[in-house]
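Have a look at work06.txt below; it lists compact mmCIF, C-alpha atoms.
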# COMPACT_ATOMS: atom_id res chain seq x y z
CA MET A 414 -64.38 53.53 -27.48
CA ASP A 415 -63.51 57.15 -28.17
CA ALA A 416 -60.55 58.55 -26.27
CA PRO A 417 -61.21 61.31 -23.71
CA GLY A 418 -61.83 64.59 -25.49
CA ARG A 419 -63.41 62.95 -28.55
CA LYS A 420 -67.08 62.88 -29.49
CA ALA A 421 -68.57 61.33 -32.62
CA GLY A 422 -65.19 61.09 -34.29
CA ARG A 423 -64.14 64.70 -33.69
CA ILE A 424 -61.75 66.31 -31.25
CA CYS A 425 -63.54 68.42 -28.66
CA LEU A 426 -62.29 70.91 -26.17
CA TYR A 427 -62.62 69.62 -22.63
CA THR A 428 -64.70 72.73 -21.97
CA ASP A 429 -67.46 71.68 -24.36
CA GLY A 430 -70.67 71.94 -22.37
CA VAL A 431 -68.81 72.24 -19.06
CA PRO A 432 -69.33 75.67 -17.46
CA LEU A 433 -66.82 77.07 -15.00
CA THR A 434 -68.73 78.91 -12.31
CA PRO A 435 -67.99 80.30 -8.86
CA THR A 436 -69.48 78.26 -6.01
CA THR A 437 -71.12 81.50 -4.89
CA GLY A 438 -71.98 84.53 -7.01
CA TRP A 439 -70.99 85.52 -10.54
CA GLY A 440 -67.90 86.25 -12.55
CA VAL A 441 -67.30 89.92 -13.38
CA LEU A 442 -65.24 91.25 -16.29
CA HIS A 443 -64.38 94.90 -16.81
CA LEU A 444 -62.93 95.83 -20.21
CA PHE A 445 -61.68 99.34 -20.95
CA CYS A 446 -61.03 99.69 -24.67
CA ARG A 447 -59.88 101.95 -27.47
CA LEU A 448 -61.39 101.86 -30.94
CA ALA A 449 -59.16 100.45 -33.68
CA PRO A 450 -59.47 101.88 -37.23
CA ASP A 451 -61.28 98.71 -38.36
CA PHE A 452 -63.79 98.76 -35.49
CA ASP A 453 -67.08 97.11 -36.46
CA ALA A 454 -69.92 98.51 -34.35
CA ASN A 455 -72.39 95.90 -35.56
CA ALA A 456 -70.06 93.08 -34.49
CA LEU A 457 -69.92 94.61 -31.00
CA ARG A 458 -73.70 94.95 -30.94
CA LYS A 459 -74.01 91.31 -31.92
CA ALA A 460 -71.57 90.19 -29.21
CA ALA A 461 -73.34 92.16 -26.48
CA SER A 462 -76.80 91.02 -27.62
CA ALA A 463 -75.71 87.36 -27.68
CA ALA A 464 -74.35 87.58 -24.14
CA GLU A 465 -77.53 89.26 -22.92
CA ALA A 466 -79.61 86.57 -24.64
CA ASP A 467 -77.65 84.02 -22.58
CA GLY A 468 -78.66 85.83 -19.38
CA TYR A 469 -75.50 87.93 -18.88
CA GLN A 470 -75.50 91.63 -18.09
CA VAL A 471 -73.39 93.93 -20.24
CA VAL A 472 -73.06 97.55 -19.07
CA PRO A 473 -71.63 99.96 -21.69
CA VAL A 474 -69.79 103.09 -20.55
CA ALA A 475 -68.54 106.12 -22.50
CA LEU A 476 -65.25 106.87 -20.78
CA LEU A 477 -63.79 110.31 -20.07
CA GLY A 478 -60.09 111.07 -20.42
CA HIS A 479 -57.21 109.51 -22.30
CA LYS A 480 -57.13 106.07 -20.64
CA ALA A 481 -59.76 104.46 -22.88
CA ASP A 482 -62.81 105.24 -25.01
CA LEU A 483 -65.39 102.59 -24.20
CA GLY A 484 -65.93 100.46 -21.13
CA LEU A 485 -67.89 97.24 -20.75
CA MET A 486 -68.78 95.64 -17.43
CA ALA A 487 -70.07 92.10 -17.92
CA LEU A 488 -71.51 89.83 -15.23
CA GLY A 489 -72.71 86.25 -15.29
CA PRO A 490 -72.18 82.75 -13.93
CA ASP A 491 -69.86 81.04 -16.44
CA VAL A 492 -66.40 82.55 -16.86
CA TRP A 493 -65.99 80.63 -20.14
CA ARG A 494 -68.95 82.68 -21.45
CA LEU A 495 -67.29 85.87 -20.26
CA ARG A 496 -64.12 84.82 -22.11
CA ARG A 497 -66.18 84.24 -25.26
CA LEU A 498 -67.61 87.75 -24.92
CA GLN A 499 -64.09 89.13 -24.52
CA THR A 500 -62.99 87.30 -27.69
CA GLU A 501 -65.93 88.71 -29.64
CA VAL A 502 -65.39 92.23 -28.27
CA ILE A 503 -61.73 92.20 -29.35
CA GLY A 504 -62.76 90.64 -32.65
CA SER A 505 -65.02 93.63 -33.31
CA GLY A 506 -61.99 95.91 -33.42
CA LEU A 507 -61.78 97.13 -29.85
CA VAL A 508 -58.32 97.15 -28.27
CA ALA A 509 -58.22 96.49 -24.54
CA ALA A 510 -56.30 99.26 -22.77
CA GLN A 511 -57.03 97.78 -19.34
CA SER A 512 -59.13 95.01 -17.86
CA TYR A 513 -60.16 93.69 -14.49
CA VAL A 514 -61.39 90.27 -13.37
CA SER A 515 -63.31 89.67 -10.15
CA LEU A 516 -66.25 87.86 -8.56
CA THR A 517 -69.35 89.14 -6.83
CA GLU A 518 -69.18 88.38 -3.13
CA VAL A 519 -70.61 88.96 0.32
CA SER A 520 -67.84 90.14 2.62
CA GLU A 521 -66.94 87.99 5.60
CA TYR A 522 -67.77 91.02 7.72
CA ALA A 523 -71.33 91.08 6.35
CA ALA A 524 -72.13 87.38 6.63
CA ALA A 525 -75.23 88.10 8.75
CA VAL A 526 -76.93 90.52 6.34
CA PRO A 527 -80.55 89.73 5.38
CA GLU A 528 -81.05 87.36 2.45
CA GLU A 529 -82.38 90.15 0.24
CA MET A 530 -79.19 92.17 0.71
CA ARG A 531 -77.06 89.06 0.25
CA ARG A 532 -78.68 88.28 -3.09
CA ALA A 533 -78.35 91.89 -4.22
CA ARG A 534 -74.58 91.69 -3.65
CA LEU A 535 -74.13 88.30 -5.27
CA PHE A 536 -76.54 88.84 -8.16
CA PRO A 537 -76.87 92.61 -8.75
CA THR A 538 -79.15 94.03 -11.43
CA LEU A 539 -77.16 96.56 -13.42
CA PRO A 540 -77.06 99.32 -14.39
CA PRO A 541 -79.21 100.94 -11.69
CA GLU A 542 -81.94 103.20 -12.97
CA GLY A 543 -81.20 106.93 -12.79
CA LYS A 544 -77.50 106.55 -12.00
CA ALA A 545 -75.56 107.25 -15.19
CA ALA A 546 -72.37 108.58 -13.56
CA PHE A 547 -69.78 105.79 -13.39
CA CYS A 548 -66.37 105.09 -11.98
CA PHE A 549 -64.30 101.99 -11.36
CA TYR A 550 -61.12 101.50 -9.34
CA PRO A 551 -59.29 98.56 -7.80
CA MET A 552 -57.98 98.61 -4.23
CA ASN A 553 -55.94 96.69 -1.66
CA LYS A 554 -55.70 96.62 2.10
CA ARG A 555 -52.25 97.81 3.13
CA ARG A 556 -49.63 95.38 4.40
CA GLY A 557 -46.96 97.86 5.49
CA ASP A 558 -44.66 97.84 8.49
CA ALA A 559 -46.63 100.54 10.32
CA ALA A 560 -50.14 99.56 9.16
CA ASN A 561 -50.85 95.95 8.24
CA TRP A 562 -54.51 95.08 7.81
CA TYR A 563 -53.75 91.39 7.87
CA SER A 564 -52.07 91.54 11.24
CA LEU A 565 -55.34 92.68 12.86
CA ASP A 566 -57.62 90.12 14.44
CA PHE A 567 -61.02 89.47 12.89
CA GLU A 568 -63.04 91.43 15.45
CA SER A 569 -60.86 94.53 14.96
CA ARG A 570 -61.19 94.28 11.19
CA LYS A 571 -64.95 93.76 11.46
CA GLU A 572 -65.36 96.82 13.67
CA LEU A 573 -63.42 98.95 11.22
CA MET A 574 -65.45 97.66 8.28
CA MET A 575 -68.71 98.30 10.10
CA GLY A 576 -67.65 101.92 10.49
CA HIS A 577 -66.60 102.04 6.85
CA GLY A 578 -69.97 100.68 5.75
CA LYS A 579 -71.80 103.22 7.90
CA VAL A 580 -70.16 106.05 5.95
CA GLY A 581 -71.04 104.36 2.67
CA ARG A 582 -74.70 104.04 3.64
CA THR A 583 -75.01 107.82 3.97
CA PHE A 584 -74.90 107.87 0.15
CA HIS A 585 -77.87 105.51 -0.22
CA GLY A 586 -80.03 106.66 -3.12
CA ARG A 587 -77.22 108.75 -4.60
CA VAL A 588 -74.57 106.08 -5.17
CA LEU A 589 -74.74 102.33 -5.75
CA GLN A 590 -71.52 100.59 -4.73
CA VAL A 591 -70.70 97.20 -6.27
CA ILE A 592 -67.72 95.65 -4.47
CA THR A 593 -66.28 92.57 -6.15
CA GLY A 594 -63.51 90.31 -4.90
CA SER A 595 -60.31 89.71 -6.88
CA THR A 596 -57.75 88.30 -4.42
CA GLY A 597 -55.82 85.70 -6.37
CA LEU A 598 -57.57 86.69 -9.62
CA ASP A 599 -56.12 90.09 -10.51
CA ASP A 600 -53.52 92.62 -9.36
CA TYR A 601 -55.59 94.06 -6.53
CA GLU A 602 -57.84 92.50 -3.90
CA TRP A 603 -61.13 94.20 -4.76
CA GLY A 604 -62.76 96.01 -7.62
CA VAL A 605 -65.06 98.91 -6.77
CA THR A 606 -67.69 100.00 -9.30
CA LEU A 607 -69.74 103.07 -8.42
CA PHE A 608 -72.91 104.29 -10.13
CA GLY A 609 -74.07 107.79 -9.16
CA VAL A 610 -76.86 110.23 -9.90
CA HIS A 611 -74.31 113.00 -10.49
CA PRO A 612 -70.54 112.93 -11.06
CA ASP A 613 -69.94 114.84 -7.82
CA ASP A 614 -71.87 112.15 -5.91
CA LEU A 615 -69.04 109.76 -6.81
CA LYS A 616 -66.41 112.34 -5.89
CA GLU A 617 -67.99 113.06 -2.51
CA CYS A 618 -68.51 109.38 -1.72
CA VAL A 619 -64.88 108.43 -2.34
CA TYR A 620 -63.66 111.56 -0.55
CA GLU A 621 -65.72 110.97 2.59
CA MET A 622 -64.89 107.28 2.79
CA ARG A 623 -61.17 108.01 2.65
CA PHE A 624 -61.43 109.70 6.05
CA ASP A 625 -62.70 106.50 7.61
CA VAL A 626 -59.98 104.66 9.54
CA ALA A 627 -60.34 101.51 7.41
CA SER A 628 -59.37 103.61 4.38
CA ALA A 629 -57.18 106.29 5.93
CA LEU A 630 -54.77 103.78 7.46
CA TYR A 631 -55.23 100.66 5.42
CA ALA A 632 -56.45 101.38 1.86
CA GLU A 633 -54.37 101.53 -1.32
CA PHE A 634 -56.08 102.57 -4.55
CA GLY A 635 -55.38 101.72 -8.17
CA PRO A 636 -56.22 103.75 -11.30
CA PHE A 637 -59.68 105.25 -11.72
CA TYR A 638 -61.83 104.95 -14.86
CA THR A 639 -64.68 107.45 -15.12
CA GLY A 640 -67.53 107.94 -17.55
CA MET A 641 -71.22 107.75 -18.30
CA VAL A 642 -73.46 104.69 -18.53
CA GLY A 643 -75.84 104.44 -21.46
CA THR A 644 -77.24 102.01 -23.95
CA LEU A 645 -74.65 100.62 -26.34
CA ASP A 646 -76.03 102.77 -29.16
CA GLU A 647 -75.88 105.89 -26.96
CA VAL A 648 -72.27 105.16 -26.03
CA LEU A 649 -71.28 104.47 -29.64
CA SER A 650 -73.00 107.66 -30.79
CA VAL A 651 -71.06 109.85 -28.37
CA LEU A 652 -67.89 108.15 -29.61
CA GLY A 653 -68.82 109.19 -33.15
CA VAL A 654 -69.71 105.68 -34.29
CA THR A 655 -72.94 104.76 -36.10

What is this file in structure tokens?
Amino acid sequence: MDAPGRKAGRICLYTDGVPLTPTTGWGVLHLFCRLAPDFDANALRKAASAAEADGYQVVPVALLGHKADLGLMALGPDVWRLRRLQTEVIGSGLVAAQSYVSLTEVSEYAAAVPEEMRRARLFPTLPPEGKAAFCFYPMNKRRGDAANWYSLDFESRKELMMGHGKVGRTFHGRVLQVITGSTGLDDYEWGVTLFGVHPDDLKECVYEMRFDVASALYAEFGPFYTGMVGTLDEVLSVLGVT
């Protein structure tokens, strides 16, 4: 009898054929990269196409500013498959300047939303049509001496989040907000990805929501990454790559 980890006389990884999936929702991987001198655009195209052929979504972004050149947001059920995509992306000659790992989720404060809305949050279809303006940032709820989100009872937190969501809904049609959970998975507790019709839609949305009590007293923000969503060829073209 073959020992565990062996098949047909060869050593196999224990992951062979065994996906690692969230019990609810999808894994989400953000990669923000710089181009190395040996960057191979066709290898990146091949990696993205293979992931999409496996049913994963890969959203390319041309980034503005010095932090990175090209962003990829990838979503799908098996985090092993996301890791394979990451390996292939780095193998193409992209150098990760920053990354973020999270999961799609339905907030505990929105447990009673209709099934259609629930599915849209757990299994979003990206990128949204007509919303090429992009930004991503991570965030925490504050745990300070004067303002500690986690010392509030559930009903107080829910009331604050209902008010926060009400402000967000005023941007319906202009901004799509994709909130993903990362507590225990990355440095912050949530990742926020925004897709807007215009760049100032994103600016106004974040500005207005910061006045809400849930943000004004309790939110802490990480670094922002901003750019434009396009096809992979469009993004590579604007980066001067053919």

> Near Val651 (chain A), within 12 Å and counting only C-alpha atoms, which residues show up once chain neighbours fewer than 3 positions away are dropped, as a list of chain:residue names?
Replying inline: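 Everything that qualifies: A:Pro473, A:Val474, A:Ala475, A:Leu476, A:Leu477, A:Asp482, A:Leu483, A:Gly640, A:Met641, A:Val642, A:Gly643, A:Thr644, A:Leu645, A:Asp646, A:Glu647, A:Val648, A:Val654, A:Thr655.
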
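Excluding Glu465 (chain A) itself and any same-chain residue fewer than 5 positions from it, the protein and nucleic acid residues within 10 Å of it, counting all atoms listed in the file, are Lys459, Ala460, Gln470, Val471, Ala487, Leu488 and Gly489 of chain A.
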
>> Which residues are close to region 620-636 of chain A, i.e. within 9 Å by all atoms listed in the file, leaving aside same-chain residues fewer than 6 positions away? Reply as a ChimeraX atom specification.
In response: /A:549-557,560-562,570,573-574,576-578,580-581,601

>> Rounded to one decimal, what separation in Å do you get between CA of Gln499 (chain A) and CA of Thr606 (chain A)?
In response: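 About the pair CA of Gln499 (chain A) and CA of Thr606 (chain A): they are 19.0 Å apart.
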
> Interatomic distance between CA of Phe608 (chain A) and CA of Leu498 (chain A)?
Replying inline: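 If I compute the distance from CA of Phe608 (chain A) to CA of Leu498 (chain A), I get 22.8 Å.
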
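Atom to atom, CA of Glu568 (chain A) and CA of Val514 (chain A) stand 28.9 Å apart.
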
> Quick one: of A:Tyr522, A:Phe452, A:Phe584, A:Phe445, who's nearest to Leu615 (chain A), counting all atoms listed in the file?
Replying inline: A:Phe584

> If we count only C-alpha atoms, what is near region 527-538 of chain A at a cut-off of 12 Å, once residues fewer than 4 positions away on the same chain are taken out, given as an MDAnalysis selection string?
Replying inline: chainID A and resid 435:441 468:472 487:490 515:521 523 542 589:594 606

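Distances from A:Leu539, A:Ala466, A:Val502, A:Cys618 to Gly484 (chain A) were compared using all atoms listed in the file, and the smallest one belongs to A:Val502.
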
>> Give me the residues near Glu501 (chain A) as a list in words, where near means some atom within 10 Å (using all atoms listed in the file) and where sequence neighbours in that chain fewer than 4 positions away do not count.
In response: Ala456, Leu457, Lys459, Ala460, Ala461, Leu495, Arg496, Arg497, Ser505, Gly506 and Leu507 of chain A

Could you write out as AutoDock Vina command-line options the box around region 455-472 of chain A (axis-aligned, all atoms listed in the file, 3 Å on each side), with centre and edge lengths in Å to one decimal?
--center_x -74.8 --center_y 90.8 --center_z -26.8 --size_x 15.7 --size_y 19.5 --size_z 23.5

> From the list A:Ala559, A:Ala524, A:Met575, A:Val610, which residue is nearest Lys544 (chain A) when using only C-alpha atoms?
Replying inline: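 Among the listed residues, A:Val610 lies closest to Lys544 (chain A).
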